[in-house]
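A.B. asks: First the structure, which I've put down as structure tokens, then a few questions once you've had a look.
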Amino acid sequence: MACAVRRLLHRCALPCGCALAALWASPAAASDLRLFTADTLELSGDLRLVAVDGERSWLEHGFGKLRSGSDGDFRIRPQLGNASLVWQPQLTWALSGTFVGSLQGGERTQAGLSQAYLNFRPLRSASGTAFSARAGLMWPPVSLEHSGADWHVADTITPSAINSWIGEEVRPVALEGTVSISAGDHKLRTTAAIFAANDTSGTLLTFRGWALHDRTTLAFNRWPLPPIDGEMGTMQAPFTHPLIDLHKGFAHRPGYYAKLAWQPPLPVRVELFRYDNRAGPTDVNDDMEWGWRTTFENLGLAANLGGGAELKAQALQGRTRMGYAMDGRRWVDNRFRSAFVLASKPLGPFGIAARAEAFDTRNRGSLIAEDYDETGWSAMVVARREWEHFTGLVELLHVSSRREDREDPGLAPRQRQTELQAEVRMDW
């Protein structure tokens, strides 16, 4: 554990140092400092009753797409969902912190650090231009489904395949800056960041494929992989650490991401996001975890339809490569894509939401080829009821996917799963 703490401190040194420099440049008044007041602490959590069929969950070294699985039979069981403690101290008038500890229940119960970053937000200029910056362990601003410091899913229990993957594998330690400007009735926001410690992003997406769940990567924790056959099974660890830097020296080869958000004089927002971890495909550590050069683009749209109704859509496509070149191709060369549409509507204290999505992967590597390809789709409906400090949700989710490599452990390539969840969510 001590070694793990030293590794995280080493990884966070550069971005946190930049934020601390901002603190030095912003003298604090006694009235600005708030460390443990009521508005700096937040506690949230949920309890669930889960009914699910289908294959074994990916959290138990299976190919299942959901947080829970049943190994073919039908199971009903209570479950602790997620619990989070958020601490957001105000250090100066312009500098604050966000630190989130999380407990995730169900299969492979885990606890740890979810986010830890400093946030610098000076006053908006007279021209209306605003600047802000973050530094530390954080999720990049991709998801249209998550909100809050605890990064919970706002309208549903289970996020889309796109944002499930962001939560599990796109977990950098970053230094990020954002500039917001107004041009007439148009609003533009540009975000850019450099980051490190996300070299293995793409491992799960290749060997397991897409999934739909609300588990997220916590510091020092790792994810299991399904069975890997053939020569690759002798060269790849049976697990992956998404939060890891395989280079010698922190940020020796930093990645980057950039985002442009446009708000026209209409109730619509359009976002374009680009990510490149710049990992070395032949970098490897003693545990046989490899660098995966992963890039992707994400297009997002959020529209207010009136009466509180909202429409959200995202489409993501990307590519990940790993290993040495053989016959002109790297061991792994995986192209992936997914898209969803989510509609929600409040009905007084109640609310309803529905989502449909499709996803696939295409593998053309020298060792991981077409038998690792995946195609699939999912559909979901949710009903919601809100009270003070409590939210009740009932969600019905169905997912269907096909992977030829399921035949290696004796499974049918086409698998279907249906999950019904009832959840009580609490926050204070």
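As shown in the structure tokens, the chain order sets the letters A, B, ...; within each chain, residues go from 1, and ligands are also counted from 1 in the order they appear.
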Would you return as an MDAnalysis selection string the members of region 97-172 of chain A that DSSP assigns to strand (DSSP E) on this structure's backbone?
C.D. replies: chainID A and resid 97:104 110:120 130:137 146:147 152:153
A.B. asks: Identify, on the basis of only C-alpha atoms, every residue whose closest approach to Glu42 (chain A) does not exceed 7 Å; exclude the query and any residue fewer than 3 positions from it along the same chain; express the result as a list in words.
C.D. replies: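 My list of contacting residues is Leu85, Val86, Trp87 and Trp428 of chain A.
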A.B. asks: Among region 192-354 of chain A, which residues does DSSP mark as helix (DSSP H, G or I) when it is run on the backbone? Keep the chain and numbering as in the structure and answer as a PyMOL selection string.
C.D. replies: chain A and resi 203-207+231-234
A.B. asks: Print the selection's residues with N, CA and C atoms to a file, as a PDB file, in the first residue's frame.
C.D. replies:
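Listing of selection.pdb after writing:
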ATOM      1  N   THR A 203      -7.547  -1.603 -23.329  1.00  0.00           N
ATOM      2  CA  THR A 203      -7.390  -3.026 -23.027  1.00  0.00           C
ATOM      3  C   THR A 203      -8.741  -3.710 -22.854  1.00  0.00           C
ATOM      4  N   LEU A 204      -9.577  -3.165 -21.973  1.00  0.00           N
ATOM      5  CA  LEU A 204     -10.905  -3.750 -21.754  1.00  0.00           C
ATOM      6  C   LEU A 204     -11.747  -3.723 -23.016  1.00  0.00           C
ATOM      7  N   LEU A 205     -11.688  -2.628 -23.735  1.00  0.00           N
ATOM      8  CA  LEU A 205     -12.524  -2.462 -24.915  1.00  0.00           C
ATOM      9  C   LEU A 205     -12.180  -3.489 -25.985  1.00  0.00           C
ATOM     10  N   THR A 206     -10.943  -3.970 -26.011  1.00  0.00           N
ATOM     11  CA  THR A 206     -10.539  -4.975 -26.984  1.00  0.00           C
ATOM     12  C   THR A 206     -10.884  -6.380 -26.524  1.00  0.00           C
ATOM     13  N   PHE A 207     -10.474  -6.769 -25.326  1.00  0.00           N
ATOM     14  CA  PHE A 207     -10.624  -8.155 -24.888  1.00  0.00           C
ATOM     15  C   PHE A 207     -12.021  -8.473 -24.361  1.00  0.00           C
ATOM     16  N   GLU A 231      -1.688 -17.161 -28.462  1.00  0.00           N
ATOM     17  CA  GLU A 231      -0.401 -16.576 -28.106  1.00  0.00           C
ATOM     18  C   GLU A 231      -0.553 -15.321 -27.265  1.00  0.00           C
ATOM     19  N   MET A 232      -1.590 -14.533 -27.518  1.00  0.00           N
ATOM     20  CA  MET A 232      -1.786 -13.309 -26.752  1.00  0.00           C
ATOM     21  C   MET A 232      -2.023 -13.604 -25.276  1.00  0.00           C
ATOM     22  N   GLY A 233      -2.627 -14.742 -24.972  1.00  0.00           N
ATOM     23  CA  GLY A 233      -2.887 -15.095 -23.586  1.00  0.00           C
ATOM     24  C   GLY A 233      -1.634 -15.286 -22.763  1.00  0.00           C
ATOM     25  N   THR A 234      -0.491 -15.563 -23.404  1.00  0.00           N
ATOM     26  CA  THR A 234       0.773 -15.733 -22.694  1.00  0.00           C
ATOM     27  C   THR A 234       1.538 -14.421 -22.546  1.00  0.00           C
TER      28      THR A 234
END
A.B. asks: Please provide the set of residues having any atom within 8 Å of Asp214 (chain A), restricted to only C-alpha atoms, with same-chain residues fewer than 3 positions apart removed, written as a short mmCIF file (atom, residue, chain, number, x, y, z; two decimals) with N, CA and C atoms, in the first residue's frame.
C.D. replies:
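So the final result, stored in out-v4.cif, reads:
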data_model
loop_
_atom_site.label_atom_id
_atom_site.label_comp_id
_atom_site.auth_asym_id
_atom_site.auth_seq_id
_atom_site.Cartn_x
_atom_site.Cartn_y
_atom_site.Cartn_z
N ARG A 67 -23.26 -4.85 -14.99
CA ARG A 67 -22.60 -4.83 -13.68
C ARG A 67 -22.82 -6.13 -12.93
N VAL A 153 -24.86 9.23 -12.44
CA VAL A 153 -25.69 9.28 -13.62
C VAL A 153 -26.98 10.00 -13.25
N ILE A 157 -30.06 4.75 -14.04
CA ILE A 157 -29.13 4.04 -13.15
C ILE A 157 -27.87 3.67 -13.92
N THR A 158 -28.05 3.17 -15.13
CA THR A 158 -26.93 2.68 -15.93
C THR A 158 -26.61 3.65 -17.05
N PRO A 159 -25.37 4.10 -17.18
CA PRO A 159 -25.01 4.97 -18.30
C PRO A 159 -24.87 4.18 -19.59
N SER A 164 -19.94 4.47 -19.93
CA SER A 164 -19.43 3.40 -19.08
C SER A 164 -17.95 3.20 -19.34
N GLY A 167 -15.81 5.98 -17.86
CA GLY A 167 -15.64 5.80 -16.43
C GLY A 167 -14.68 4.71 -16.05
#
A.B. asks: Give me the residues of region 232-344 of chain A that have any atom at most 12 Å from an atom of region 373-395 of chain A; for each, the nearest atom pair and the distance in Å, rounded to one decimal. Use only C-alpha atoms, sort by chain and number, and format it as a tab-separated table.
C.D. replies:
residue	atom	partner	partner_atom	distance
A:Val332	CA	A:Asp373	CA	11.8
A:Asp333	CA	A:Asp373	CA	11.1
A:Asn334	CA	A:Asp373	CA	8.6
A:Arg335	CA	A:Asp373	CA	9.4
A:Phe336	CA	A:Glu374	CA	9.1
A:Arg337	CA	A:Thr375	CA	9.9
A:Ser338	CA	A:Trp377	CA	9.2
A:Ala339	CA	A:Trp377	CA	9.6
A:Phe340	CA	A:Ser378	CA	9.1
A:Val341	CA	A:Ala379	CA	10.0
A:Leu342	CA	A:Met380	CA	9.2
A:Ala343	CA	A:Val381	CA	9.7
A:Ser344	CA	A:Val382	CA	9.0
A.B. asks: Ranking A:Gly177, A:Asn82, A:Gly351, A:Gly54 by minimum distance to Gly101 (chain A) and counting only C-alpha atoms, which one comes first?
C.D. replies: A:Asn82
A.B. asks: For Phe239 (chain A), find every residue with an atom within 8 Å (counting only C-alpha atoms), except residues of its own chain fewer than 2 positions away, and show them as a list in words.
C.D. replies: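 Those residues are Arg222, Trp223, Pro224, Leu225, Ala237 and His241 of chain A.
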A.B. asks: Identify which of the residues A:Glu60, A:Asp46, A:Glu407, A:Asp155 lies closest to Gly81 (chain A), counting only C-alpha atoms when measuring atom-to-atom distances.
C.D. replies: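 Ranking A:Glu60, A:Asp46, A:Glu407, A:Asp155 by distance to Gly81 (chain A), first place goes to A:Asp46.
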A.B. asks: Excluding same-chain residues fewer than 3 positions from Ala279 (chain A), what lies within 8 Å of it counting only C-alpha atoms, as a PyMOL selection string?
C.D. replies: chain A and resi 199-200+253+255+283+291-294
A.B. asks: If we count only C-alpha atoms, what is near Arg77 (chain A) at a cut-off of 10 Å, once residues fewer than 2 positions away on the same chain are taken out, given as an NGL selection string?
C.D. replies: :A and (48-52 or 75 or 79 or 106 or 421)
A.B. asks: Compare A:Gly348, A:Gly280, A:Gly328, A:Gly64 by their minimum atom-to-atom distance to Arg414 (chain A), counting only C-alpha atoms, and give me the closest one.
C.D. replies: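 Using only C-alpha atoms, Arg414 (chain A) sits closest to A:Gly64.
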A.B. asks: Using only C-alpha atoms, pick whichever of A:Val173, A:Val399, A:Ala192, A:Ile162 has the shortest atom-to-atom distance to Trp139 (chain A).
C.D. replies: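 Result for the nearest residue to Trp139 (chain A): A:Val173.
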A.B. asks: Could you check the closest approach to Met235 (chain A) for each of A:Asp286, A:Asp185, A:Glu370, A:Asp276 and tell me which residue wins, using only C-alpha atoms?
C.D. replies: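 Under the stated criterion, the closest residue is A:Asp286.
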A.B. asks: Quick one: everything within 7 Å of Trp262 (chain A), counting only C-alpha atoms, minus sequence neighbours fewer than 3 positions away in the same chain. Send it as an MDAnalysis selection string.
C.D. replies: chainID A and resid 187:189 269:271
A.B. asks: Hey, can you spit out that residue selection with C-alpha atoms as a tab-separated table (two decimals), in the first residue's frame?
C.D. replies:
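Generated file (selection03.tsv):
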chain	number	residue	atom	x	y	z
A	187	LYS	CA	-21.41	31.03	-26.49
A	188	LEU	CA	-18.18	29.11	-27.03
A	189	ARG	CA	-16.19	27.08	-24.54
A	269	ARG	CA	-25.53	22.68	-27.26
A	270	VAL	CA	-23.06	20.89	-29.53
A	271	GLU	CA	-19.78	19.44	-28.27
A.B. asks: Tell me, in Å to one decimal, how far CA of Arg134 (chain A) is from CA of Thr92 (chain A).
C.D. replies: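 Between CA of Arg134 (chain A) and CA of Thr92 (chain A) the gap works out to 14.7 Å.
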A.B. asks: Just give me the gap between CA of Leu175 (chain A) and CA of Ala219 (chain A) in Å, one decimal is fine.
C.D. replies: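 Those two atoms sit 17.4 Å apart.
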A.B. asks: Under the rule that only C-alpha atoms are counted, which of A:Ser57, A:Asn277, A:Ser96, A:Thr37 is the nearest residue to Ala174 (chain A)?
C.D. replies: A:Asn277
